[in-house]
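Participant: I'm passing along coords.cif; it holds mmCIF, C-alpha atoms and all ligand atoms.
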```cif
data_model
#
loop_
_atom_site.label_atom_id
_atom_site.label_comp_id
_atom_site.auth_asym_id
_atom_site.auth_seq_id
_atom_site.Cartn_x
_atom_site.Cartn_y
_atom_site.Cartn_z
CA MET A 1 -27.40 -31.34 -69.05
CA MET A 2 -30.70 -33.25 -68.85
CA THR A 3 -32.61 -33.23 -72.12
CA ILE A 4 -36.27 -33.84 -72.89
CA SER A 5 -35.41 -37.29 -74.24
CA ASP A 6 -33.39 -38.10 -71.08
CA ILE A 7 -36.50 -37.30 -69.01
CA LYS A 8 -38.77 -39.37 -71.25
CA SER A 9 -36.42 -42.32 -71.20
CA LEU A 10 -36.43 -42.40 -67.39
CA LYS A 11 -40.01 -43.73 -67.46
CA GLY A 12 -39.92 -47.34 -66.33
CA THR A 13 -36.21 -47.07 -65.49
CA ARG A 14 -36.14 -44.99 -62.33
CA LYS A 15 -38.29 -42.32 -60.67
CA ILE A 16 -37.90 -38.73 -61.88
CA THR A 17 -37.15 -36.02 -59.31
CA MET A 18 -38.43 -32.48 -59.65
CA LEU A 19 -38.47 -29.48 -57.30
CA THR A 20 -39.25 -25.82 -57.65
CA ALA A 21 -36.64 -23.06 -57.37
CA TYR A 22 -36.99 -19.33 -57.87
CA ASP A 23 -33.55 -17.85 -57.18
CA TYR A 24 -29.85 -18.42 -57.83
CA PRO A 25 -28.62 -19.86 -54.48
CA THR A 26 -31.52 -22.30 -54.15
CA ALA A 27 -31.22 -23.43 -57.76
CA VAL A 28 -27.48 -24.09 -57.23
CA LEU A 29 -28.35 -26.44 -54.34
CA VAL A 30 -31.20 -28.19 -56.15
CA ASP A 31 -28.93 -28.79 -59.13
CA LYS A 32 -26.03 -29.96 -56.92
CA ALA A 33 -28.39 -32.44 -55.24
CA GLY A 34 -28.90 -34.06 -58.64
CA ILE A 35 -32.61 -33.23 -59.03
CA ASP A 36 -33.66 -33.97 -62.64
CA ILE A 37 -36.08 -31.10 -63.29
CA VAL A 38 -36.16 -27.61 -61.77
CA LEU A 39 -39.53 -25.92 -62.11
CA VAL A 40 -39.67 -22.15 -61.87
CA GLY A 41 -43.23 -22.47 -60.59
CA ASP A 42 -45.85 -19.77 -60.43
CA SER A 43 -46.05 -20.86 -56.76
CA LEU A 44 -43.48 -18.03 -56.69
CA ALA A 45 -46.58 -15.89 -56.02
CA ASN A 46 -47.32 -17.63 -52.71
CA VAL A 47 -44.00 -18.76 -51.28
CA VAL A 48 -41.70 -15.93 -52.40
CA LEU A 49 -43.88 -12.90 -53.06
CA GLY A 50 -46.45 -13.39 -50.30
CA LEU A 51 -49.44 -13.13 -52.67
CA ASP A 52 -52.64 -15.11 -52.08
CA SER A 53 -53.04 -16.49 -55.60
CA THR A 54 -50.77 -17.77 -58.34
CA THR A 55 -52.86 -15.75 -60.81
CA LYS A 56 -51.28 -12.61 -59.38
CA VAL A 57 -47.84 -13.18 -60.94
CA GLY A 58 -47.19 -12.23 -64.53
CA MET A 59 -44.50 -12.60 -67.17
CA PRO A 60 -42.14 -9.91 -65.76
CA GLU A 61 -41.86 -11.68 -62.38
CA MET A 62 -41.66 -15.17 -63.88
CA LEU A 63 -38.94 -14.22 -66.38
CA HIS A 64 -36.95 -12.33 -63.72
CA HIS A 65 -36.85 -15.44 -61.50
CA ALA A 66 -36.41 -17.92 -64.36
CA LYS A 67 -33.27 -16.04 -65.46
CA ALA A 68 -31.79 -16.33 -61.95
CA VAL A 69 -32.47 -20.08 -61.97
CA THR A 70 -30.99 -20.78 -65.40
CA ARG A 71 -27.85 -18.83 -64.40
CA ALA A 72 -27.38 -21.37 -61.60
CA VAL A 73 -28.33 -24.69 -63.17
CA THR A 74 -25.74 -26.74 -65.04
CA ARG A 75 -27.35 -30.21 -65.10
CA ALA A 76 -31.11 -30.23 -64.52
CA LEU A 77 -33.80 -29.50 -67.08
CA VAL A 78 -35.30 -26.08 -66.30
CA VAL A 79 -39.05 -25.70 -66.91
CA GLY A 80 -40.73 -22.29 -66.85
CA ASP A 81 -44.28 -22.23 -65.50
CA MET A 82 -46.55 -20.14 -67.71
CA PRO A 83 -48.42 -17.66 -65.48
CA TYR A 84 -52.19 -17.24 -65.89
CA GLU A 85 -51.95 -13.98 -67.84
CA ALA A 86 -49.47 -15.49 -70.31
CA TYR A 87 -51.89 -18.00 -71.86
CA GLN A 88 -55.23 -18.37 -70.08
CA ALA A 89 -56.15 -14.68 -69.96
CA TYR A 90 -54.75 -14.05 -73.46
CA PRO A 91 -54.51 -17.35 -75.39
CA ASN A 92 -53.32 -15.51 -78.51
CA ASP A 93 -50.20 -14.41 -76.63
CA ALA A 94 -49.38 -17.93 -75.43
CA LEU A 95 -46.80 -18.79 -78.09
CA LYS A 96 -45.03 -15.44 -77.82
CA ASN A 97 -44.81 -15.84 -74.04
CA ALA A 98 -43.64 -19.46 -74.25
CA GLU A 99 -40.87 -18.28 -76.60
CA ARG A 100 -39.81 -15.65 -74.06
CA PHE A 101 -39.24 -18.40 -71.44
CA ILE A 102 -36.93 -20.18 -73.89
CA LYS A 103 -35.16 -17.29 -75.61
CA GLU A 104 -34.97 -14.66 -72.85
CA ALA A 105 -34.85 -16.80 -69.71
CA GLY A 106 -32.97 -19.83 -71.08
CA CYS A 107 -35.54 -22.44 -69.99
CA SER A 108 -35.73 -25.74 -71.87
CA ALA A 109 -39.52 -26.18 -71.67
CA VAL A 110 -42.72 -24.60 -70.37
CA LYS A 111 -45.54 -25.97 -68.21
CA LEU A 112 -49.22 -25.19 -68.82
CA GLU A 113 -52.14 -25.94 -66.52
CA TRP A 114 -55.25 -27.50 -68.04
CA PHE A 115 -58.02 -25.00 -68.96
CA ASP A 116 -60.84 -24.68 -71.51
CA THR A 117 -58.71 -24.16 -74.60
CA CYS A 118 -55.63 -25.96 -73.31
CA PRO A 119 -55.42 -28.43 -76.24
CA GLU A 120 -55.31 -25.69 -78.91
CA VAL A 121 -52.77 -23.60 -77.03
CA THR A 122 -50.60 -26.62 -76.18
CA GLU A 123 -50.59 -27.77 -79.79
CA ARG A 124 -49.59 -24.32 -81.08
CA ILE A 125 -46.63 -24.13 -78.68
CA ILE A 126 -45.44 -27.68 -79.39
CA GLN A 127 -45.72 -27.17 -83.14
CA ALA A 128 -43.45 -24.14 -82.79
CA GLY A 129 -40.82 -26.51 -81.35
CA ILE A 130 -41.18 -25.68 -77.66
CA PRO A 131 -41.44 -28.69 -75.30
CA VAL A 132 -44.53 -28.59 -73.08
CA MET A 133 -45.18 -30.25 -69.72
CA GLY A 134 -48.93 -30.61 -69.06
CA HIS A 135 -50.58 -30.15 -65.65
CA ILE A 136 -53.96 -31.68 -64.79
CA GLY A 137 -55.99 -32.46 -61.68
CA LEU A 138 -55.93 -29.59 -59.23
CA THR A 139 -54.87 -26.64 -61.35
CA PRO A 140 -54.36 -23.73 -58.90
CA GLN A 141 -54.80 -21.01 -61.56
CA THR A 142 -58.44 -22.12 -62.00
CA ALA A 143 -59.04 -23.60 -58.55
CA ASP A 144 -62.20 -21.48 -58.15
CA LYS A 145 -63.81 -23.31 -61.08
CA LEU A 146 -62.85 -26.65 -59.50
CA GLY A 147 -64.58 -25.83 -56.22
CA GLY A 148 -61.38 -24.79 -54.43
CA PHE A 149 -58.16 -26.56 -53.51
CA LYS A 150 -59.61 -30.07 -53.48
CA VAL A 151 -58.61 -33.54 -54.64
CA GLN A 152 -59.75 -34.02 -58.26
CA GLY A 153 -61.02 -37.16 -60.02
CA LYS A 154 -62.73 -38.62 -56.97
CA ASP A 155 -65.72 -40.05 -58.80
CA ALA A 156 -65.76 -42.23 -61.89
CA GLU A 157 -66.92 -39.45 -64.20
CA ALA A 158 -64.32 -36.92 -63.02
CA ALA A 159 -61.60 -39.59 -63.12
CA LYS A 160 -62.57 -40.48 -66.71
CA ARG A 161 -62.21 -36.80 -67.66
CA LEU A 162 -58.71 -36.69 -66.15
CA ILE A 163 -57.69 -39.82 -68.05
CA GLU A 164 -59.01 -38.30 -71.30
CA GLU A 165 -57.14 -35.05 -70.69
CA ALA A 166 -53.89 -36.96 -70.05
CA VAL A 167 -54.30 -39.08 -73.17
CA LEU A 168 -55.02 -35.98 -75.26
CA LEU A 169 -51.99 -34.10 -73.90
CA GLU A 170 -49.75 -37.04 -74.77
CA LYS A 171 -51.28 -37.16 -78.26
CA LEU A 172 -50.59 -33.44 -78.71
CA GLY A 173 -46.92 -34.05 -77.93
CA CYS A 174 -46.41 -33.10 -74.27
CA PHE A 175 -43.21 -34.67 -72.93
CA SER A 176 -44.61 -35.24 -69.42
CA ILE A 177 -47.63 -34.37 -67.29
CA VAL A 178 -47.95 -33.16 -63.69
CA LEU A 179 -50.84 -34.83 -61.85
CA GLU A 180 -51.78 -32.65 -58.87
CA CYS A 181 -54.07 -33.84 -56.05
CA VAL A 182 -55.37 -36.95 -57.77
CA PRO A 183 -56.23 -40.27 -56.01
CA ASP A 184 -53.26 -42.63 -56.23
CA LYS A 185 -55.18 -45.36 -58.08
CA ILE A 186 -56.28 -42.86 -60.77
CA ALA A 187 -52.68 -41.65 -61.10
CA LYS A 188 -51.69 -45.32 -61.52
CA ILE A 189 -54.19 -45.83 -64.35
CA ILE A 190 -52.95 -42.67 -66.10
CA THR A 191 -49.30 -43.58 -65.57
CA GLU A 192 -49.83 -47.06 -67.04
CA LYS A 193 -51.82 -45.70 -69.97
CA LEU A 194 -49.23 -43.12 -71.07
CA THR A 195 -45.85 -43.60 -72.68
CA ILE A 196 -44.68 -40.20 -71.34
CA PRO A 197 -43.78 -39.74 -67.65
CA THR A 198 -46.32 -38.57 -65.07
CA ILE A 199 -45.01 -36.37 -62.27
CA GLY A 200 -47.09 -36.54 -59.13
CA CYS A 201 -47.80 -33.70 -56.73
CA GLY A 202 -50.16 -35.24 -54.21
CA ALA A 203 -50.89 -38.10 -56.61
CA GLY A 204 -49.30 -41.03 -54.77
CA LYS A 205 -46.47 -43.43 -55.37
CA TYR A 206 -47.38 -44.88 -58.76
CA CYS A 207 -46.39 -41.78 -60.76
CA ASP A 208 -43.15 -41.84 -62.76
CA GLY A 209 -41.78 -38.95 -60.71
CA GLN A 210 -42.55 -36.50 -57.92
CA VAL A 211 -42.57 -32.72 -57.58
CA LEU A 212 -42.91 -30.51 -54.51
CA VAL A 213 -42.49 -26.83 -53.72
CA ILE A 214 -39.03 -26.32 -52.20
CA HIS A 215 -40.19 -23.90 -49.50
CA ASP A 216 -42.62 -26.57 -48.27
CA ILE A 217 -40.04 -29.35 -47.94
CA LEU A 218 -37.55 -27.03 -46.23
CA GLY A 219 -40.04 -25.60 -43.73
CA LEU A 220 -39.81 -22.08 -45.10
CA PHE A 221 -43.51 -21.47 -45.73
CA ASP A 222 -45.95 -21.75 -42.88
CA ARG A 223 -49.15 -20.10 -44.18
CA TYR A 224 -50.51 -23.54 -45.07
CA THR A 225 -49.07 -27.01 -45.74
CA PRO A 226 -50.94 -29.44 -48.01
CA LYS A 227 -51.40 -33.03 -46.74
CA PHE A 228 -49.15 -34.40 -49.51
CA VAL A 229 -46.11 -32.34 -48.47
CA LYS A 230 -43.31 -33.94 -46.48
CA LYS A 231 -41.22 -31.42 -44.54
CA TYR A 232 -37.66 -32.79 -44.79
CA ILE A 233 -36.25 -30.08 -42.52
CA ASP A 234 -37.72 -27.21 -40.53
CA LEU A 235 -35.41 -24.37 -41.48
CA SER A 236 -37.48 -21.45 -40.18
CA PRO A 237 -36.47 -21.85 -36.50
CA VAL A 238 -32.83 -22.45 -37.52
CA ILE A 239 -32.76 -19.22 -39.54
CA LEU A 240 -34.63 -17.30 -36.84
CA LYS A 241 -32.06 -18.37 -34.22
CA ALA A 242 -29.20 -17.11 -36.41
CA LEU A 243 -30.94 -13.79 -37.03
CA GLU A 244 -31.56 -13.25 -33.31
CA GLU A 245 -27.94 -14.09 -32.52
CA TYR A 246 -26.78 -11.52 -35.09
CA LYS A 247 -29.12 -8.90 -33.65
CA ASN A 248 -27.94 -9.54 -30.10
CA GLU A 249 -24.24 -9.48 -31.05
CA VAL A 250 -24.61 -6.17 -32.91
CA ILE A 251 -26.43 -4.62 -29.98
CA SER A 252 -23.91 -5.96 -27.44
CA GLY A 253 -20.92 -4.96 -29.60
CA SER A 254 -19.48 -8.48 -29.84
CA PHE A 255 -19.90 -8.37 -33.62
CA PRO A 256 -17.88 -7.40 -35.59
CA GLY A 257 -14.74 -8.76 -33.93
CA PRO A 258 -11.17 -8.18 -35.14
CA GLU A 259 -11.44 -11.17 -37.50
CA HIS A 260 -14.20 -9.37 -39.41
CA SER A 261 -12.50 -5.96 -39.47
CA PHE A 262 -9.84 -4.33 -41.66
CA SER A 263 -6.74 -2.66 -40.22
CA ILE A 264 -4.49 0.22 -41.20
CA LYS A 265 -0.77 0.42 -40.32
CA GLU A 266 -0.09 2.40 -37.10
CA GLU A 267 2.35 4.76 -38.91
CA GLU A 268 -0.30 5.67 -41.48
CA LEU A 269 -2.78 6.34 -38.75
CA LYS A 270 -0.25 8.54 -36.91
CA LYS A 271 0.43 10.51 -40.11
CA LEU A 272 -3.28 11.09 -40.51
CA ILE A 273 -3.83 12.15 -36.90
CA SER A 274 -0.79 14.46 -36.78
O1 LIG B 1 -46.15 -23.69 -59.37
C1 LIG B 1 -45.79 -24.79 -58.92
O2 LIG B 1 -44.98 -24.87 -58.00
C2 LIG B 1 -46.36 -25.99 -59.50
C3 LIG B 1 -46.00 -27.32 -58.89
C4 LIG B 1 -46.53 -27.49 -57.55
C5 LIG B 1 -46.37 -28.45 -59.79
O3 LIG B 1 -47.08 -25.91 -60.44
#
```
In structure tokens, what does this structure look like?
Facilitator:
Amino acid sequence: MMTISDIKSLKGTRKITMLTAYDYPTAVLVDKAGIDIVLVGDSLANVVLGLDSTTKVGMPEMLHHAKAVTRAVTRALVVGDMPYEAYQAYPNDALKNAERFIKEAGCSAVKLEWFDTCPEVTERIIQAGIPVMGHIGLTPQTADKLGGFKVQGKDAEAAKRLIEEAVLLEKLGCFSIVLECVPDKIAKIITEKLTIPTIGCGAGKYCDGQVLVIHDILGLFDRYTPKFVKKYIDLSPVILKALEEYKNEVISGSFPGPEHSFSIKEEELKKLIS
């Protein structure tokens, strides 16, 4: 089982791999593939629940899915993504909700996106003994305040702010930080400045690791695809073909065949009929 110190010690040794998962069968595959960190992301809202904003999922949904993932994972570190309502809407509930990810869902850490009172909330959770992964740059829960889903840190002043946030999160005790939609050279500066690993999501090759949403890399979400996503396979047409074949075989009567059916002995059938 990957531990927090295993993840930290990978910095400078080899790149860290991280993917999202939201259900049992997918988490089994991600874990089998040897991915280091499984994030039960609040991107659940978009790619699984069909909602238009990550702020629309709450603790019940996140815990429900996190439990399915921890049932499946035997090796990777599982991180629960704190939904908006769990800490930004009600900062006083943040610690209680972080504890629920650990105690009820079996996660090993939580992830928080940067917001106004992020340092205070992060510190409270870490001091209670819960490992925290930070998340700066494009923070989807507060994308409206950032002017939409745009690259962050593009001018010197904004980049300086990102560097300061990263340094502060490390100082507060975060074990790693996601950098989302940040210019690669800014991600490089942050990565070199910190002793904890940076995990890039649209932040270029210099980060200590990479994270993507699993539905994006498998071609299972077509509402929009960010520039930084690489689609490793396009599963949607493969699945669609199988579903159409099933439909056609049921309609034509070629499924189920004898190999998918159960039989009863002739004599038993005769007894019944007579
Ligand atoms: O919710 C999520 O999937 C995330 C990753 C993209 C970092 O926060």
Participant: Could you give me, as a tab-separated table, a per-residue list for segment 103-177 of chain A showing, wherever an atom lies at most 12 Å from an atom of segment 47-62 of chain A, the closest pair of atoms and their distance in Å to one decimal, using all atoms listed in the file and sorting by chain then residue number from low to high?
Facilitator:
```
residue	atom	partner	partner_atom	distance
A:Glu104	CA	A:Pro60	CA	11.1
A:Ala105	CA	A:Met62	CA	9.1
A:Cys107	CA	A:Met62	CA	11.3
A:Val110	CA	A:Met62	CA	11.5
A:Glu113	CA	A:Thr54	CA	11.6
A:Thr139	CA	A:Thr54	CA	10.2
A:Pro140	CA	A:Thr54	CA	7.0
A:Gln141	CA	A:Thr55	CA	5.7
A:Thr142	CA	A:Thr55	CA	8.6
A:Ala143	CA	A:Ser53	CA	9.8
A:Asp144	CA	A:Ser53	CA	10.7
A:Gly148	CA	A:Ser53	CA	11.8
A:Phe149	CA	A:Ser53	CA	11.5
```
Participant: Could you name the residues that touch segment 218-227 of chain A at 12 Å or less, counting only C-alpha atoms, but leaving out those on the same chain fewer than 5 positions away, as a PDB file with C-alpha atoms, in the coordinates of the input?
Facilitator:
```pdb
ATOM      1  CA  LEU A  19     -38.470 -29.480 -57.300  1.00  0.00           C
ATOM      2  CA  THR A  20     -39.250 -25.820 -57.650  1.00  0.00           C
ATOM      3  CA  ALA A  21     -36.640 -23.060 -57.370  1.00  0.00           C
ATOM      4  CA  THR A  26     -31.520 -22.300 -54.150  1.00  0.00           C
ATOM      5  CA  VAL A  30     -31.200 -28.190 -56.150  1.00  0.00           C
ATOM      6  CA  SER A  43     -46.050 -20.860 -56.760  1.00  0.00           C
ATOM      7  CA  LEU A  44     -43.480 -18.030 -56.690  1.00  0.00           C
ATOM      8  CA  ASN A  46     -47.320 -17.630 -52.710  1.00  0.00           C
ATOM      9  CA  VAL A  47     -44.000 -18.760 -51.280  1.00  0.00           C
ATOM     10  CA  VAL A  48     -41.700 -15.930 -52.400  1.00  0.00           C
ATOM     11  CA  LEU A  49     -43.880 -12.900 -53.060  1.00  0.00           C
ATOM     12  CA  GLY A  50     -46.450 -13.390 -50.300  1.00  0.00           C
ATOM     13  CA  LEU A  51     -49.440 -13.130 -52.670  1.00  0.00           C
ATOM     14  CA  ASP A  52     -52.640 -15.110 -52.080  1.00  0.00           C
ATOM     15  CA  PHE A 149     -58.160 -26.560 -53.510  1.00  0.00           C
ATOM     16  CA  LYS A 150     -59.610 -30.070 -53.480  1.00  0.00           C
ATOM     17  CA  VAL A 151     -58.610 -33.540 -54.640  1.00  0.00           C
ATOM     18  CA  GLU A 180     -51.780 -32.650 -58.870  1.00  0.00           C
ATOM     19  CA  CYS A 181     -54.070 -33.840 -56.050  1.00  0.00           C
ATOM     20  CA  CYS A 201     -47.800 -33.700 -56.730  1.00  0.00           C
ATOM     21  CA  GLY A 202     -50.160 -35.240 -54.210  1.00  0.00           C
ATOM     22  CA  ALA A 203     -50.890 -38.100 -56.610  1.00  0.00           C
ATOM     23  CA  GLY A 204     -49.300 -41.030 -54.770  1.00  0.00           C
ATOM     24  CA  LEU A 212     -42.910 -30.510 -54.510  1.00  0.00           C
ATOM     25  CA  VAL A 213     -42.490 -26.830 -53.720  1.00  0.00           C
ATOM     26  CA  TYR A 232     -37.660 -32.790 -44.790  1.00  0.00           C
ATOM     27  CA  ILE A 233     -36.250 -30.080 -42.520  1.00  0.00           C
ATOM     28  CA  ASP A 234     -37.720 -27.210 -40.530  1.00  0.00           C
ATOM     29  CA  LEU A 235     -35.410 -24.370 -41.480  1.00  0.00           C
ATOM     30  CA  SER A 236     -37.480 -21.450 -40.180  1.00  0.00           C
ATOM     31  CA  PRO A 237     -36.470 -21.850 -36.500  1.00  0.00           C
ATOM     32  CA  VAL A 238     -32.830 -22.450 -37.520  1.00  0.00           C
ATOM     33  CA  ILE A 239     -32.760 -19.220 -39.540  1.00  0.00           C
ATOM     34  CA  LEU A 240     -34.630 -17.300 -36.840  1.00  0.00           C
TER      35      LEU A 240
END
```
Participant: Mind checking which residues fall within 9 Å of Thr17 of chain A, counting all atoms listed in the file, ignoring those fewer than 3 positions away in the same chain, and posting them as a list in words?
Facilitator: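 These residues fall inside the cut-off: Gly34, Ile35, Asp36, Ile37, Val38, Ile199, Gly209, Gln210 and Val211 of chain A.
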Participant: With distances taken over only C-alpha atoms, which residue among A:Lys265, A:Arg75, A:Arg124, A:Arg14 lies nearest Ala98 of chain A?
Facilitator: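 So, comparing all the options, the nearest one is A:Arg124.
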Participant: Quick one: of A:Phe115, A:Ser108, A:Glu249, A:Gly41, who's nearest to Met82 of chain A, counting only C-alpha atoms?
Facilitator: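 Closest to Met82 of chain A of all the choices is A:Gly41.
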Participant: Enclose the full set of atoms of segment 149-157 of chain A listed in the file within a box whose edges lie along x, y and z, apply 8 Å of padding to each of the six sides, and report centre and edge lengths in Å to one decimal as JSON.
Facilitator:
```
{"center_x": -62.5, "center_y": -34.4, "center_z": -58.8, "size_x": 24.8, "size_y": 31.7, "size_z": 26.7}
```
Participant: Give me, please, the distance in Å between atom CA of Asn97 of chain A and atom CA of Tyr84 of chain A, quoted to one decimal.
Facilitator: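 Distance between the two atoms: 11.1 Å.
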Participant: What is the atom CA of Arg71 of chain A to atom CA of Thr3 of chain A distance in Å?
Facilitator: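 Result for atom CA of Arg71 of chain A versus atom CA of Thr3 of chain A: 17.0 Å, one decimal.
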Participant: Using all atoms listed in the file, which of the listed residues (A:Trp114, A:Phe101, A:Phe255, A:Phe262) sits closest to ligand LIG 1 (chain B)?
Facilitator: A:Trp114
Participant: Identify which of the residues A:Asp216, A:Glu165, A:Glu267, A:Glu170 lies closest to ligand LIG 1 (chain B), counting all atoms listed in the file when measuring atom-to-atom distances.
Facilitator: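 Once distances to ligand LIG 1 (chain B) are computed over all atoms listed in the file, the minimum belongs to A:Asp216.
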Participant: What is the distance, in Å and to one decimal place, between atom CA of Val182 of chain A and atom CA of Val229 of chain A?
Facilitator: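 Computed distance, atom CA of Val182 of chain A to atom CA of Val229 of chain A, equals 13.9 Å.
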Participant: Using all atoms listed in the file for the distances, tell me which of A:Leu194, A:Met1, A:Leu63, A:Ala72 is nearest to Leu29 of chain A.
Facilitator: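 Smallest distance to Leu29 of chain A is found for A:Ala72.
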Participant: Quick one: residues within 9 Å of Tyr24 of chain A, all atoms listed in the file, excluding same-chain residues fewer than 6 positions away - as a list in words?
Facilitator: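 What passes the distance filter is His65, Lys67, Ala68, Val69, Thr70, Arg71, Ala72 and Val73 of chain A.
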Participant: May I have the protein, DNA and RNA residues with any atom at most 9 Å from the point (-49.4, -31.6, -77.8), counting all atoms listed in the file, written as a PyMOL selection string?
Facilitator: chain A and resi 119-127+131-132+134+168-175
Participant: For ligand LIG 1 (chain B), which of A:Ile136, A:Ala94, A:Val178, A:Ala159 is the closest residue, counting all atoms listed in the file?
Facilitator: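 With all atoms listed in the file as the atom set, the closest residue is A:Val178.
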